[in-house]
Amino acid sequence: LNLNLKRETDKGKFRMQTLMTPRSVLNRAGVSRPSVSNGSKRLLSKTRAPCVNNRAKSEIPTSTPRSLSLGTAGNSVRHSQQLGRGRSVALSATPADTVVSSSEYEALQEFKVTSAATGEECALTALWGQDETQKVIVPFLTQFGDFDSFELAQRLRPKLEELQSAGVGVVAVGIGSLEAAKEFCRLTKFPAELVYACPDAGPYDALGFAPGFARAAPPALTQSKWWNAPWLVERAEAAKLHPYMKLVIMCAGVGSPGTLPEVFRGYLGDKSAPEVFQRYPDAIPGFMRTLFRVLGEGYQRPFELATVRLVNMVNILTRWDLLTPPNKELILQRGGAFVFKGKEVIFRYDDPAILRFVNVEELVEAAL
């Protein structure tokens, strides 16, 4: 901030600048900090960076991401939100000599998961956080028989070598049994040593992830939607609305904003997205490359992504009982993704709806 202001400079503006400037800088410049009135306090409170836990206050009605950077003495917060991709928050790292344990990490300490590779049960937070300098990507998949889990794993797998070379760890958590986790790894070719099964949605509730249509919002979800309102949950229970019917309602876009446009994008193509074969290697038979070249090259062609989802659908439906959790209410549960540096969250994304999981490129970029 430019503190070389002349006396004729608007006093109110000078007062605001000095209020927002670190005290050490003001002292070096020979400027004293004025007292803060109640009105100034309210204004300052609005300019401070939002906490990573807090839900976005409103939906942004545009497909263009909006970023807000707010800085204070070497620490800044970027809050970005984009229609169609949900909410993501990226935080700058703290100084190396500062040990920080985020509220998300603390909330996860009571939960245990089972390794898909060894079958051993362990504390979830024992899988990362011991090294305060190491970054770890922690995707919270939905249940193992869900399109989102399959697609996220298929898109993240090609990035694993790059992440490993950079010293970034990966701990993928999904809802379901050990057998479901093993089958999921076999079908997606995702390394089993990176996948952990959680029998219920306990960690998801603790983190405040979206529970799905006509399901009660967990206490950690501070900005719940109308489709999680108590009156709707009570009516669904009174009508004995089956989870499968709730899932159909979500697939139609009710209680799952942005799902239908994403479905249509799979059929119609997307000029702004790369070819599916670049993002989902081995997800569909190689001979189809030749077929899709008829529609051109260098972009996501019509029916290309829909073909990936068709293959995944066949694999899921033919193994439905194995892949899905016994409690079918959990097929509605949404997930999210984190990047931790030690125990500190430096990136968070909450899935707002079906097929609107984290952008893998943004997730990897936040970790590198």
# chains A, B, ... in the order shown; residues from 1 in each chain; ligands from 1

$ closest_atom_pairs --of "range 188-304 of chain A" --to "range 327-340 of chain A" --cutoff "6 Å" --atoms "only C-alpha atoms" --output "Markdown table"
| residue | atom | partner | partner_atom | distance |
| --- | --- | --- | --- | --- |
| A:Phe209 | CA | A:Gly335 | CA | 5.9 |
| A:Ala210 | CA | A:Arg334 | CA | 5.3 |
| A:Pro211 | CA | A:Gln333 | CA | 4.5 |
| A:Gly212 | CA | A:Leu332 | CA | 4.8 |
| A:Pro243 | CA | A:Glu329 | CA | 5.4 |

$ closest_atom_pairs --of "range 104-124 of chain A" --to "range 341-347 of chain A" --cutoff "12 Å" --atoms "only C-alpha atoms" --output "JSON lines"
{"residue": "A:Glu104", "atom": "CA", "partner": "A:Val345", "partner_atom": "CA", "distance": 7.5}
{"residue": "A:Tyr105", "atom": "CA", "partner": "A:Lys343", "partner_atom": "CA", "distance": 6.1}
{"residue": "A:Glu106", "atom": "CA", "partner": "A:Lys343", "partner_atom": "CA", "distance": 8.6}
{"residue": "A:Ala107", "atom": "CA", "partner": "A:Lys343", "partner_atom": "CA", "distance": 11.4}
{"residue": "A:Leu108", "atom": "CA", "partner": "A:Lys343", "partner_atom": "CA", "distance": 10.9}
{"residue": "A:Gln109", "atom": "CA", "partner": "A:Lys343", "partner_atom": "CA", "distance": 11.0}

$ residues_around --residues "range 180-190 of chain A" --least-positions-apart "2" --cutoff "8 Å" --atoms "only C-alpha atoms" --output "number ranges by chain"
A: 116-117, 144-145, 150, 153-154, 157, 174, 176-178, 192, 194-197, 283, 315, 322-324

$ write_last_selection --atoms "N, CA and C atoms" --output "PDB file, in the first residue's frame"
ATOM      1  N   ALA A 116      -7.536 -51.221   0.743  1.00  0.00           N
ATOM      2  CA  ALA A 116      -7.963 -52.140  -0.314  1.00  0.00           C
ATOM      3  C   ALA A 116      -6.846 -53.104  -0.688  1.00  0.00           C
ATOM      4  N   ALA A 117      -5.610 -52.738  -0.390  1.00  0.00           N
ATOM      5  CA  ALA A 117      -4.467 -53.579  -0.749  1.00  0.00           C
ATOM      6  C   ALA A 117      -4.183 -54.662   0.278  1.00  0.00           C
ATOM      7  N   PHE A 144     -18.486 -46.838  -4.062  1.00  0.00           N
ATOM      8  CA  PHE A 144     -17.674 -47.469  -5.095  1.00  0.00           C
ATOM      9  C   PHE A 144     -18.464 -47.859  -6.345  1.00  0.00           C
ATOM     10  N   GLY A 145     -19.779 -47.831  -6.283  1.00  0.00           N
ATOM     11  CA  GLY A 145     -20.589 -48.146  -7.449  1.00  0.00           C
ATOM     12  C   GLY A 145     -21.209 -46.914  -8.068  1.00  0.00           C
ATOM     13  N   PHE A 150     -15.921 -43.681 -10.404  1.00  0.00           N
ATOM     14  CA  PHE A 150     -15.240 -44.296 -11.546  1.00  0.00           C
ATOM     15  C   PHE A 150     -14.518 -43.245 -12.378  1.00  0.00           C
ATOM     16  N   ALA A 153     -11.464 -41.598 -10.589  1.00  0.00           N
ATOM     17  CA  ALA A 153     -10.318 -42.509 -10.539  1.00  0.00           C
ATOM     18  C   ALA A 153      -9.675 -42.663 -11.917  1.00  0.00           C
ATOM     19  N   GLN A 154     -10.494 -42.754 -12.952  1.00  0.00           N
ATOM     20  CA  GLN A 154      -9.969 -42.908 -14.305  1.00  0.00           C
ATOM     21  C   GLN A 154      -9.222 -41.671 -14.782  1.00  0.00           C
ATOM     22  N   ARG A 157      -5.788 -41.377 -12.403  1.00  0.00           N
ATOM     23  CA  ARG A 157      -4.755 -42.421 -12.586  1.00  0.00           C
ATOM     24  C   ARG A 157      -3.613 -41.981 -13.503  1.00  0.00           C
ATOM     25  N   GLY A 174     -13.345 -44.140  -0.218  1.00  0.00           N
ATOM     26  CA  GLY A 174     -14.653 -44.376  -0.811  1.00  0.00           C
ATOM     27  C   GLY A 174     -15.575 -45.089   0.155  1.00  0.00           C
ATOM     28  N   GLY A 176     -18.042 -47.966   1.171  1.00  0.00           N
ATOM     29  CA  GLY A 176     -18.350 -49.339   0.788  1.00  0.00           C
ATOM     30  C   GLY A 176     -17.490 -50.340   1.537  1.00  0.00           C
ATOM     31  N   SER A 177     -17.639 -51.589   1.160  1.00  0.00           N
ATOM     32  CA  SER A 177     -16.923 -52.676   1.828  1.00  0.00           C
ATOM     33  C   SER A 177     -15.527 -52.844   1.240  1.00  0.00           C
ATOM     34  N   LEU A 178     -14.730 -53.690   1.895  1.00  0.00           N
ATOM     35  CA  LEU A 178     -13.400 -54.011   1.393  1.00  0.00           C
ATOM     36  C   LEU A 178     -13.489 -54.698   0.035  1.00  0.00           C
ATOM     37  N   ALA A 192      -4.515 -50.251  -5.778  1.00  0.00           N
ATOM     38  CA  ALA A 192      -5.233 -50.598  -4.553  1.00  0.00           C
ATOM     39  C   ALA A 192      -4.546 -50.040  -3.313  1.00  0.00           C
ATOM     40  N   LEU A 194      -3.560 -47.235  -2.816  1.00  0.00           N
ATOM     41  CA  LEU A 194      -3.947 -45.841  -2.601  1.00  0.00           C
ATOM     42  C   LEU A 194      -5.419 -45.691  -2.229  1.00  0.00           C
ATOM     43  N   VAL A 195      -6.144 -46.806  -2.139  1.00  0.00           N
ATOM     44  CA  VAL A 195      -7.599 -46.757  -1.930  1.00  0.00           C
ATOM     45  C   VAL A 195      -7.951 -47.333  -0.563  1.00  0.00           C
ATOM     46  N   TYR A 196      -8.886 -46.658   0.114  1.00  0.00           N
ATOM     47  CA  TYR A 196      -9.318 -47.085   1.444  1.00  0.00           C
ATOM     48  C   TYR A 196     -10.839 -47.071   1.523  1.00  0.00           C
ATOM     49  N   ALA A 197     -11.378 -48.120   2.107  1.00  0.00           N
ATOM     50  CA  ALA A 197     -12.828 -48.281   2.203  1.00  0.00           C
ATOM     51  C   ALA A 197     -13.337 -47.787   3.547  1.00  0.00           C
ATOM     52  N   ALA A 283     -10.121 -46.428 -20.842  1.00  0.00           N
ATOM     53  CA  ALA A 283     -11.491 -46.506 -20.327  1.00  0.00           C
ATOM     54  C   ALA A 283     -12.435 -47.119 -21.349  1.00  0.00           C
ATOM     55  N   ASN A 315     -20.316 -51.932 -16.212  1.00  0.00           N
ATOM     56  CA  ASN A 315     -19.505 -52.516 -15.143  1.00  0.00           C
ATOM     57  C   ASN A 315     -20.171 -52.357 -13.779  1.00  0.00           C
ATOM     58  N   LEU A 322     -22.336 -55.903  -5.266  1.00  0.00           N
ATOM     59  CA  LEU A 322     -20.966 -55.964  -4.754  1.00  0.00           C
ATOM     60  C   LEU A 322     -20.384 -54.573  -4.526  1.00  0.00           C
ATOM     61  N   LEU A 323     -20.614 -53.662  -5.461  1.00  0.00           N
ATOM     62  CA  LEU A 323     -19.980 -52.349  -5.409  1.00  0.00           C
ATOM     63  C   LEU A 323     -20.665 -51.368  -4.467  1.00  0.00           C
ATOM     64  N   THR A 324     -21.982 -51.465  -4.331  1.00  0.00           N
ATOM     65  CA  THR A 324     -22.716 -50.482  -3.533  1.00  0.00           C
ATOM     66  C   THR A 324     -22.800 -50.905  -2.067  1.00  0.00           C
TER      67      THR A 324
END

$ atom_distance --atom1 "CA of Val248 in chain A" --atom2 "CA of Val263 in chain A"
13.6 Å

$ closest_residue --among "A:Val233, A:Val173, A:Val254, A:Ala367" --to "Gln143 in chain A" --atoms "only C-alpha atoms"
A:Val173

$ select_by_dssp --residues "range 97-201 of chain A" --states "alpha helix (DSSP H)" --output "PyMOL selection string"
chain A and resi 103-107+147-156+160-165+178-188

$ atom_distance --atom1 "CA of Ser102 in chain A" --atom2 "CA of Val364 in chain A"
20.2 Å

$ atom_distance --atom1 "CA of Asp350 in chain A" --atom2 "CA of Pro219 in chain A"
15.6 Å
